[in-house]
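Undergrad: Structure: query11.txt, compact mmCIF, C-alpha atoms and all ligand atoms.
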```txt
# COMPACT_ATOMS: atom_id res chain seq x y z
CA MET A 1 0.00 0.00 0.00
CA LYS A 2 1.18 3.53 -0.81
CA HIS A 3 0.63 6.39 1.61
CA ILE A 4 -0.19 10.08 1.35
CA ILE A 5 -0.66 12.57 4.18
CA ILE A 6 -2.66 15.69 3.26
CA LEU A 7 -1.94 18.35 5.85
CA GLY A 8 -4.20 21.43 6.06
CA ASP A 9 -2.06 23.86 8.03
CA GLY A 10 -3.87 25.53 10.93
CA MET A 11 -7.22 24.14 9.76
CA ALA A 12 -8.54 23.28 13.25
CA ASP A 13 -10.30 26.04 15.21
CA GLU A 14 -12.77 26.70 18.03
CA PRO A 15 -16.58 27.08 17.81
CA ILE A 16 -17.42 30.47 16.24
CA GLU A 17 -20.64 32.38 16.93
CA ALA A 18 -20.88 33.71 13.36
CA LEU A 19 -20.94 30.08 12.17
CA GLY A 20 -23.80 29.14 14.51
CA GLY A 21 -21.39 27.79 17.12
CA LYS A 22 -19.63 25.51 14.65
CA THR A 23 -15.92 25.41 13.88
CA PRO A 24 -14.84 26.24 10.31
CA MET A 25 -14.09 22.54 9.70
CA ARG A 26 -17.56 21.56 10.91
CA TYR A 27 -19.27 24.40 9.03
CA ALA A 28 -17.44 24.00 5.71
CA LYS A 29 -18.95 21.76 3.04
CA THR A 30 -16.38 18.97 2.76
CA PRO A 31 -18.07 15.94 1.17
CA TYR A 32 -14.78 14.22 0.34
CA MET A 33 -13.17 14.52 3.75
CA ASP A 34 -16.47 13.34 5.24
CA LYS A 35 -16.54 10.40 2.84
CA LEU A 36 -13.00 9.41 3.86
CA ALA A 37 -13.86 9.78 7.55
CA LYS A 38 -16.88 7.57 6.98
CA GLN A 39 -14.79 4.89 5.27
CA GLY A 40 -11.83 5.29 7.59
CA VAL A 41 -10.83 5.63 11.21
CA THR A 42 -10.40 8.84 13.18
CA GLY A 43 -8.99 10.27 16.36
CA GLN A 44 -7.03 13.14 17.80
CA MET A 45 -3.32 13.77 17.79
CA LYS A 46 -1.31 15.78 20.25
CA THR A 47 1.04 17.44 17.77
CA VAL A 48 2.73 19.86 20.17
CA ALA A 49 5.09 18.16 22.62
CA ASP A 50 5.04 19.43 26.22
CA GLY A 51 7.22 22.47 26.68
CA PHE A 52 7.20 23.35 22.96
CA HIS A 53 5.76 26.38 21.23
CA PRO A 54 2.89 25.37 18.87
CA GLY A 55 4.83 26.28 15.73
CA SER A 56 4.18 24.65 12.36
CA GLU A 57 7.67 23.14 12.33
CA VAL A 58 7.13 21.55 15.77
CA ALA A 59 3.73 20.17 14.79
CA ASN A 60 4.72 18.94 11.32
CA MET A 61 7.82 17.18 12.67
CA ALA A 62 5.59 15.52 15.27
CA VAL A 63 3.14 14.37 12.59
CA LEU A 64 6.07 12.64 10.86
CA GLY A 65 6.97 10.95 14.15
CA TYR A 66 10.08 12.90 15.19
CA ASP A 67 10.94 13.10 18.89
CA LEU A 68 11.00 16.87 19.30
CA PRO A 69 13.13 17.14 22.45
CA ALA A 70 15.81 15.05 20.70
CA VAL A 71 15.95 16.76 17.31
CA TYR A 72 14.42 20.23 17.52
CA GLU A 73 16.74 23.06 16.46
CA GLY A 74 14.25 25.75 15.45
CA ARG A 75 12.94 27.04 12.17
CA GLY A 76 16.04 28.70 10.83
CA VAL A 77 17.92 25.46 10.28
CA LEU A 78 14.96 23.85 8.49
CA GLU A 79 14.50 26.79 6.19
CA ALA A 80 18.25 26.89 5.59
CA ALA A 81 18.08 23.29 4.33
CA SER A 82 15.20 24.11 2.01
CA ILE A 83 17.17 26.85 0.27
CA GLY A 84 20.27 24.71 0.07
CA VAL A 85 22.25 26.31 2.91
CA ALA A 86 24.13 23.50 4.66
CA LEU A 87 25.06 24.71 8.14
CA GLN A 88 28.62 24.13 9.35
CA PRO A 89 29.55 23.26 12.92
CA GLY A 90 29.61 26.47 14.96
CA GLU A 91 27.05 28.22 12.77
CA MET A 92 23.66 29.28 14.13
CA ALA A 93 20.68 29.83 11.83
CA MET A 94 17.57 31.87 12.63
CA ARG A 95 14.30 32.54 10.85
CA CYS A 96 14.43 36.20 9.84
CA ASN A 97 11.02 37.75 9.14
CA LEU A 98 10.61 40.99 7.23
CA ILE A 99 7.98 42.76 9.33
CA ARG A 100 6.19 46.09 9.40
CA VAL A 101 6.88 48.39 12.35
CA GLU A 102 5.21 51.79 12.78
CA ASP A 103 5.73 54.24 15.67
CA GLU A 104 7.42 51.52 17.78
CA ILE A 105 4.46 49.13 17.19
CA LEU A 106 4.91 45.73 15.54
CA MET A 107 2.11 46.09 12.97
CA ASN A 108 2.32 42.67 11.33
CA HIS A 109 4.62 39.68 10.93
CA SER A 110 4.48 39.51 7.13
CA SER A 111 4.82 43.04 5.70
CA GLY A 112 1.51 42.44 3.94
CA HIS A 113 2.82 39.20 2.41
CA ILE A 114 5.54 41.01 0.50
CA SER A 115 6.51 39.33 -2.78
CA THR A 116 9.68 37.27 -2.89
CA GLU A 117 11.05 39.53 -5.68
CA GLU A 118 10.70 42.67 -3.54
CA ALA A 119 11.95 40.90 -0.43
CA ASP A 120 15.02 39.64 -2.27
CA VAL A 121 16.06 43.22 -3.09
CA LEU A 122 15.73 44.18 0.59
CA ILE A 123 17.58 41.10 1.87
CA GLN A 124 20.45 41.67 -0.58
CA CYS A 125 20.62 45.29 0.54
CA LEU A 126 20.76 44.20 4.20
CA ASN A 127 23.47 41.70 3.36
CA GLU A 128 25.58 44.41 1.70
CA ARG A 129 25.14 46.88 4.54
CA LEU A 130 25.05 44.60 7.60
CA GLY A 131 26.63 41.36 6.37
CA SER A 132 30.15 40.33 7.38
CA ASP A 133 32.33 37.25 7.87
CA ARG A 134 30.08 36.53 10.83
CA VAL A 135 26.65 37.72 9.67
CA LYS A 136 24.90 36.59 6.50
CA PHE A 137 21.31 37.01 5.25
CA TYR A 138 19.71 34.62 2.75
CA THR A 139 16.50 35.20 0.79
CA GLY A 140 13.72 32.68 1.45
CA ILE A 141 10.08 33.12 0.37
CA SER A 142 7.83 36.20 0.81
CA TYR A 143 8.45 37.54 4.34
CA ARG A 144 10.33 34.42 5.57
CA HIS A 145 14.12 34.68 5.32
CA LEU A 146 17.27 33.38 6.96
CA LEU A 147 20.02 34.85 9.11
CA VAL A 148 23.18 32.85 9.82
CA ILE A 149 25.56 33.91 12.61
CA LYS A 150 28.98 32.28 12.90
CA GLY A 151 29.72 31.52 16.53
CA GLY A 152 26.23 32.46 17.71
CA ASP A 153 24.94 31.09 21.01
CA LYS A 154 21.40 29.77 20.56
CA ARG A 155 20.36 30.09 24.19
CA LEU A 156 18.16 33.09 23.47
CA ASP A 157 14.63 34.13 24.43
CA CYS A 158 13.01 35.16 21.13
CA THR A 159 9.38 36.05 20.36
CA PRO A 160 7.66 34.87 17.15
CA PRO A 161 6.36 38.10 15.57
CA HIS A 162 2.98 36.55 14.63
CA ASP A 163 2.33 36.14 18.37
CA VAL A 164 2.53 39.86 19.18
CA PRO A 165 0.77 41.84 16.44
CA LEU A 166 -0.06 45.44 17.42
CA HIS A 167 2.23 45.33 20.48
CA PRO A 168 5.22 47.66 21.04
CA PHE A 169 8.22 45.75 19.64
CA ARG A 170 10.94 46.74 22.11
CA PRO A 171 9.78 44.61 25.06
CA PHE A 172 9.95 41.58 22.74
CA MET A 173 13.50 42.10 21.53
CA ILE A 174 15.97 39.25 22.08
CA LYS A 175 17.09 38.39 25.60
CA PRO A 176 19.93 36.03 26.58
CA GLU A 177 18.84 32.96 28.56
CA VAL A 178 22.38 32.48 29.92
CA PRO A 179 25.24 34.94 30.40
CA GLU A 180 27.25 33.31 27.55
CA ALA A 181 24.52 34.34 25.05
CA ARG A 182 24.62 38.01 25.98
CA GLU A 183 26.93 38.94 23.13
CA THR A 184 24.77 37.15 20.52
CA ALA A 185 21.60 38.83 21.83
CA GLY A 186 23.27 42.23 21.71
CA LEU A 187 24.45 41.66 18.14
CA LEU A 188 20.97 40.60 17.00
CA ASN A 189 19.18 43.52 18.65
CA GLU A 190 21.69 45.88 17.05
CA LEU A 191 20.93 44.28 13.65
CA ILE A 192 17.18 44.80 14.19
CA LEU A 193 17.60 48.51 14.89
CA GLN A 194 20.11 49.00 12.06
CA SER A 195 17.75 47.24 9.63
CA GLN A 196 15.01 49.73 10.51
CA GLU A 197 17.31 52.64 9.61
CA ILE A 198 18.29 51.01 6.31
CA LEU A 199 14.82 49.85 5.26
CA LYS A 200 12.64 52.82 6.19
CA ASP A 201 13.50 54.86 3.07
CA HIS A 202 14.37 51.99 0.75
CA PRO A 203 12.87 52.51 -2.75
CA VAL A 204 11.05 49.14 -2.55
CA ASN A 205 9.25 50.35 0.58
CA LEU A 206 8.53 53.84 -0.76
CA LYS A 207 6.91 52.19 -3.77
CA ARG A 208 4.91 49.78 -1.60
CA MET A 209 3.65 52.60 0.63
CA ALA A 210 2.68 54.70 -2.41
CA ALA A 211 0.61 51.72 -3.58
CA GLY A 212 -1.07 51.45 -0.16
CA LYS A 213 0.87 48.29 0.78
CA ASP A 214 2.65 47.51 4.04
CA PRO A 215 6.35 48.41 4.00
CA ALA A 216 8.87 45.75 5.08
CA ASN A 217 10.80 48.05 7.37
CA SER A 218 12.39 45.80 9.98
CA ILE A 219 13.95 42.38 10.32
CA TRP A 220 12.78 40.14 13.16
CA PRO A 221 15.09 37.18 13.86
CA TRP A 222 13.82 34.30 15.99
CA SER A 223 14.00 30.50 16.45
CA PRO A 224 17.77 30.00 16.63
CA GLY A 225 19.41 26.59 16.20
CA TYR A 226 22.27 24.44 14.97
CA ARG A 227 22.23 21.60 12.47
CA PRO A 228 19.59 19.03 13.64
CA ALA A 229 20.33 15.32 14.19
CA MET A 230 17.29 13.96 12.33
CA ARG A 231 17.18 10.43 10.92
CA THR A 232 15.51 9.98 7.56
CA MET A 233 12.00 8.52 7.39
CA ARG A 234 13.43 5.69 5.33
CA GLU A 235 15.67 4.77 8.27
CA MET A 236 12.81 5.16 10.74
CA TYR A 237 9.99 3.43 8.87
CA GLY A 238 11.70 1.39 6.18
CA PHE A 239 9.82 2.65 3.15
CA GLY A 240 11.45 3.38 -0.20
CA LYS A 241 11.10 6.74 -1.86
CA GLY A 242 9.14 9.64 -0.41
CA SER A 243 8.37 13.23 -1.44
CA VAL A 244 7.20 16.44 0.15
CA ILE A 245 5.13 19.14 -1.57
CA SER A 246 4.84 22.48 0.21
CA ALA A 247 5.09 26.17 -0.57
CA VAL A 248 6.55 26.78 2.88
CA ASP A 249 10.30 26.54 3.12
CA LEU A 250 10.39 25.23 6.69
CA ILE A 251 8.23 22.27 5.67
CA ARG A 252 10.54 21.64 2.70
CA GLY A 253 13.48 21.79 5.12
CA ILE A 254 11.88 19.14 7.32
CA GLY A 255 11.59 17.13 4.11
CA VAL A 256 15.31 17.54 3.36
CA TYR A 257 16.36 16.20 6.77
CA ALA A 258 13.65 13.51 6.59
CA GLY A 259 15.21 12.29 3.33
CA LEU A 260 12.17 13.20 1.23
CA GLU A 261 12.47 14.56 -2.30
CA VAL A 262 11.30 18.18 -2.36
CA LEU A 263 8.95 18.78 -5.30
CA HIS A 264 8.24 22.27 -6.60
CA VAL A 265 4.83 23.13 -8.01
CA GLU A 266 4.17 26.11 -10.27
CA GLY A 267 1.79 28.58 -8.63
CA ALA A 268 2.12 27.15 -5.10
CA THR A 269 1.98 30.35 -3.04
CA GLY A 270 1.26 29.34 0.56
CA LEU A 271 -1.92 31.46 0.38
CA TYR A 272 -5.57 30.85 -0.49
CA ASP A 273 -4.80 31.61 -4.14
CA THR A 274 -2.43 28.64 -4.23
CA ASN A 275 -2.51 26.16 -7.09
CA TYR A 276 -4.46 23.41 -5.29
CA GLU A 277 -5.03 21.36 -8.43
CA GLY A 278 -1.35 21.63 -9.39
CA LYS A 279 -0.31 20.36 -5.96
CA ALA A 280 -2.84 17.52 -6.09
CA HIS A 281 -1.64 16.42 -9.52
CA ALA A 282 2.02 16.67 -8.45
CA ALA A 283 1.17 14.46 -5.47
CA LEU A 284 -0.50 11.91 -7.75
CA GLU A 285 2.45 11.93 -10.13
CA ALA A 286 4.85 11.36 -7.20
CA LEU A 287 2.69 8.57 -5.78
CA LYS A 288 3.06 6.64 -9.03
CA THR A 289 6.75 6.05 -8.26
CA ASN A 290 6.92 6.71 -4.49
CA ASP A 291 5.77 4.91 -1.38
CA PHE A 292 5.03 8.10 0.56
CA VAL A 293 3.96 11.68 -0.17
CA TYR A 294 3.54 14.53 2.30
CA LEU A 295 1.27 17.18 0.79
CA HIS A 296 1.21 20.35 2.89
CA ILE A 297 -1.23 23.19 2.17
CA GLU A 298 -0.74 26.41 4.10
CA ALA A 299 -3.84 28.48 3.18
CA SER A 300 -6.07 27.82 6.23
CA ASP A 301 -3.33 28.88 8.62
CA GLU A 302 -2.94 32.25 6.91
CA ALA A 303 -6.74 32.76 7.01
CA GLY A 304 -6.62 32.02 10.75
CA HIS A 305 -3.78 34.50 11.28
CA GLU A 306 -5.87 37.09 9.44
CA GLY A 307 -8.86 36.27 11.66
CA ASP A 308 -10.95 35.90 8.50
CA VAL A 309 -13.65 33.31 9.25
CA ASP A 310 -15.24 33.28 5.78
CA LEU A 311 -11.87 32.91 4.12
CA LYS A 312 -10.95 30.08 6.46
CA VAL A 313 -14.14 28.20 5.58
CA LYS A 314 -13.36 28.73 1.91
CA THR A 315 -9.80 27.39 2.25
CA ILE A 316 -11.13 24.22 3.88
CA GLU A 317 -13.69 23.77 1.09
CA TYR A 318 -10.93 24.34 -1.47
CA LEU A 319 -8.77 21.72 0.22
CA ASP A 320 -11.67 19.27 0.04
CA ASN A 321 -12.78 19.95 -3.51
CA ARG A 322 -9.53 20.91 -5.19
CA ALA A 323 -7.06 18.52 -3.53
CA VAL A 324 -8.72 15.70 -1.55
CA ARG A 325 -11.36 15.05 -4.24
CA ILE A 326 -8.77 14.84 -7.03
CA ILE A 327 -6.46 12.54 -5.08
CA TYR A 328 -9.25 10.25 -3.84
CA GLU A 329 -11.02 9.96 -7.19
CA GLU A 330 -7.80 9.17 -9.04
CA THR A 331 -6.13 6.79 -6.59
CA ARG A 332 -9.25 4.67 -6.11
CA LYS A 333 -8.84 3.61 -9.76
CA TRP A 334 -5.28 2.35 -9.21
CA ASP A 335 -4.32 -1.29 -8.81
CA GLU A 336 -2.13 -0.62 -5.80
CA PRO A 337 -4.24 0.74 -2.92
CA VAL A 338 -3.38 4.19 -1.56
CA ALA A 339 -3.91 5.05 2.10
CA ILE A 340 -4.87 8.68 2.75
CA ALA A 341 -4.48 10.55 6.05
CA ILE A 342 -5.80 14.07 6.55
CA LEU A 343 -5.12 16.36 9.48
CA PRO A 344 -4.14 19.87 10.50
CA ASP A 345 -0.81 20.42 12.21
CA HIS A 346 -2.33 22.63 14.96
CA PRO A 347 -5.38 24.88 15.39
CA THR A 348 -5.04 28.54 14.30
CA PRO A 349 -8.28 29.90 15.83
CA CYS A 350 -9.62 32.97 13.99
CA ALA A 351 -10.60 34.51 17.33
CA ILE A 352 -7.03 34.71 18.62
CA ARG A 353 -5.21 34.72 15.26
CA THR A 354 -2.37 32.50 16.43
CA HIS A 355 -1.57 28.82 16.95
CA THR A 356 -2.69 26.76 19.93
CA SER A 357 -1.51 23.39 21.28
CA THR A 358 -4.97 21.76 21.37
CA PRO A 359 -4.87 18.22 19.92
CA VAL A 360 -6.02 18.10 16.28
CA PRO A 361 -8.52 15.79 14.55
CA PHE A 362 -7.15 13.23 12.09
CA LEU A 363 -8.60 10.68 9.72
CA ILE A 364 -6.89 7.63 8.27
CA TYR A 365 -8.43 5.95 5.26
CA LYS A 366 -7.03 2.62 4.12
CA PRO A 367 -8.99 0.93 1.34
CA GLY A 368 -10.66 -2.19 2.68
CA GLU A 369 -10.08 -1.46 6.35
CA GLN A 370 -12.92 -1.62 8.88
CA PRO A 371 -14.21 1.95 9.53
CA ASP A 372 -15.19 3.40 12.89
CA SER A 373 -18.59 5.04 13.54
CA VAL A 374 -17.51 8.60 12.63
CA THR A 375 -19.08 9.92 9.42
CA THR A 376 -17.87 13.54 9.22
CA PHE A 377 -14.48 15.13 9.75
CA ASP A 378 -14.05 17.89 12.31
CA GLU A 379 -12.75 18.66 15.79
CA PHE A 380 -15.81 17.21 17.55
CA SER A 381 -16.89 14.31 15.33
CA VAL A 382 -13.56 12.53 15.86
CA LEU A 383 -14.09 12.39 19.63
CA ASN A 384 -16.14 9.26 18.86
CA GLY A 385 -13.40 7.77 16.68
CA LYS A 386 -11.41 4.57 17.00
CA TYR A 387 -8.39 6.29 18.48
CA GLY A 388 -8.30 8.50 21.54
CA ILE A 389 -5.53 11.05 21.66
CA LEU A 390 -2.36 9.78 19.96
CA GLU A 391 1.02 11.33 20.64
CA LYS A 392 4.68 11.02 19.66
CA ASP A 393 5.03 8.51 16.79
CA GLN A 394 1.71 6.74 17.40
CA PHE A 395 -0.11 8.49 14.55
CA ILE A 396 2.54 7.88 11.89
CA ASN A 397 2.92 4.26 12.95
CA ALA A 398 -0.87 3.75 12.87
CA PHE A 399 -0.85 5.19 9.36
CA LEU A 400 2.25 3.56 7.85
CA ASN A 401 1.95 0.12 9.41
CA ASP A 402 -0.54 -1.78 7.31
ZN ZN A 501 1.11 25.32 10.92
```
Go ahead and render the structure in this file as structure tokens.
TA:
Amino acid sequence: MKHIIILGDGMADEPIEALGGKTPMRYAKTPYMDKLAKQGVTGQMKTVADGFHPGSEVANMAVLGYDLPAVYEGRGVLEAASIGVALQPGEMAMRCNLIRVEDEILMNHSSGHISTEEADVLIQCLNERLGSDRVKFYTGISYRHLLVIKGGDKRLDCTPPHDVPLHPFRPFMIKPEVPEARETAGLLNELILQSQEILKDHPVNLKRMAAGKDPANSIWPWSPGYRPAMRTMREMYGFGKGSVISAVDLIRGIGVYAGLEVLHVEGATGLYDTNYEGKAHAALEALKTNDFVYLHIEASDEAGHEGDVDLKVKTIEYLDNRAVRIIYEETRKWDEPVAIAILPDHPTPCAIRTHTSTPVPFLIYKPGEQPDSVTTFDEFSVLNGKYGILEKDQFINAFLND
């Protein structure tokens, strides 16, 4: 049997009054996910290990069965891998957002989802002005970039910028957790303030402001780490070839360390305008030769961060009709059966516009396997499923072990 995981980032939520007390997953019309829940088994997964921040990288690594306390090194190192930056011993990588700051307030974590082309100009400019033998910036995707510090000490207290929108930024600047990290923290905070001086009048930002768009006028480094000691999924689970499809570089980076082939899909944006059909067809193409595909779709998470309930419902319906439907309808015609699992990595409730650690609903559909009594797929229906709350590598083993 072949296996595909379809991950709807941030899809889980809380009951919302405007939806008649339903969650977006419960409210959305999702006939294909419901069909798979009806023919499959369901449960909940605790995707955020105790003591960890409910970040997408934490939750996605957990879905794949990684032991977070043993391998977690932050986002920067994962994103570094996805853009081909192999960290050397002694190098520290950090996620480096381009954010919008106004009158000392952190306005948003994404600079209005700045385009990669515009961001690349700004990152190159920062590299010329602030880069050195020790400090180097690398362009990632949209607002998500990379900062590598030679000899950096990762024992730092950093705040993810999407957790503190509309707060004054200074109280959330980087603090050392141990005296040895004081120098690194000081260097990083200096880089933040210098970036604001360099970026405020940059032509790219003047043009964005003239067009009514958010300027990208500050860096915000966070999630420091060194090269992670992750085993490949092949070593862990013994399958042959696997692939990952995602518009998000940190998910691609997880794929690199997990030994999965990273596939690129034209028009995959990480937003609700993403090329769902293109990703679904790329997944099908990969499944023809692979044993395992990890298809990650970001859109619902961004809708949650924007607090846009209608948009979130739409992204879930898109996932159902424009990805799940295509994959289910095609693979059911194949000779070799294909098992399908669907789940979010974590909730991103519209009401609070950030991630939570609440366990997520999952469904596992294996052709021919005895279903449980659950007939729809959402946060509450799965409470009656075959599985209770799975944690650590229990979900991936339940899925991969036929
Ligand atoms: Zn996520």
Undergrad: Go through A:Glu104, A:Glu369, A:Glu57, A:Glu197 one by one, measure the shortest atom-to-atom distance of each to ligand ZN 501 (chain A) using only C-alpha atoms and all ligand atoms, and give the residue with the smallest value.
TA: A:Glu57
Undergrad: If the limit is 10 Å from any atom of ligand ZN 501 (chain A), counting all atoms listed in the file, which residues qualify? Return them as number ranges by chain.
TA: A: 7-11, 54-60, 248, 251, 296-302, 344-348, 354-356
Undergrad: Using only C-alpha atoms for the distances, tell me which of A:Lys288, A:Lys312, A:Arg144, A:Arg231 is nearest to A:Ala247.
TA: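 Among A:Lys288, A:Lys312, A:Arg144, A:Arg231, it is A:Arg144 that comes nearest to A:Ala247.
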Undergrad: If we draw a sphere of 12 Å around (-1.5, 12.7, -12.3), which residues have at least one atom in it when counting all atoms listed in the file? Please report them as a list in words.
TA: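 Taken together, the residues in range are Glu277, Gly278, Lys279, Ala280, His281, Ala282, Ala283, Leu284, Glu285, Ala286, Leu287, Lys288, Thr289, Ala323, Ile326, Ile327, Tyr328, Glu329, Glu330, Thr331, Lys333 and Trp334 of chain A.
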Undergrad: Measure the distance from atom CA of A:His305 to atom CA of A:Ala351 in Å and round it to one decimal.
TA: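 These atoms are spaced 9.1 Å apart.
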Undergrad: If you measure from atom CA of A:Pro359 to atom CA of A:Phe172, what distance in Å do you get, rounded to one decimal?
TA: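 Atom CA of A:Phe172 lies 27.8 Å from atom CA of A:Pro359.
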Undergrad: Tell me which protein, DNA and RNA residues are within 10 Å of A:Leu311, counting only C-alpha atoms, leaving out same-chain ones fewer than 4 positions away, and put them as a VMD selection string.
TA: chain A and resid 24 272 299 to 300 302 to 304 306 to 307 315 to 317
Undergrad: Centre and edge lengths of an axis-aligned box around all listed atoms of stretch 278-281 of chain A, with 5 Å added on each side, are to be given in Å to one decimal, as lines of an AutoDock Vina configuration file.
TA:
```
center_x = -1.6
center_y = 19.0
center_z = -7.7
size_x = 12.5
size_y = 15.2
size_z = 13.6
```
Undergrad: With all atoms listed in the file as the counted atoms, please give the residues lying no more than 6 Å from stretch 81-98 of chain A, apart from itself and same-chain residues fewer than 5 positions off, as a list in words.
TA: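 Non-adjacent residues within range: Arg75, Gly76, Tyr143, Arg144, His145, Leu146, Leu147, Val148, Ile149, Lys150, Gly151, Gly152, Ala216, Ser218, Ile219, Trp220, Pro221, Trp222, Ser223, Pro224, Gly225, Tyr226, Asp249, Arg252 and Gly253 of chain A.
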Undergrad: A:Leu343, A:Leu271, A:Val164, A:Leu36: which is nearest A:Val63, counting only C-alpha atoms?
TA: A:Leu343
Undergrad: In Å to one decimal, how far is atom CA of A:Glu336 from atom CA of A:Gly385?
TA: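 Straight-line distance from atom CA of A:Gly385 to atom CA of A:Glu336 works out to 26.5 Å.
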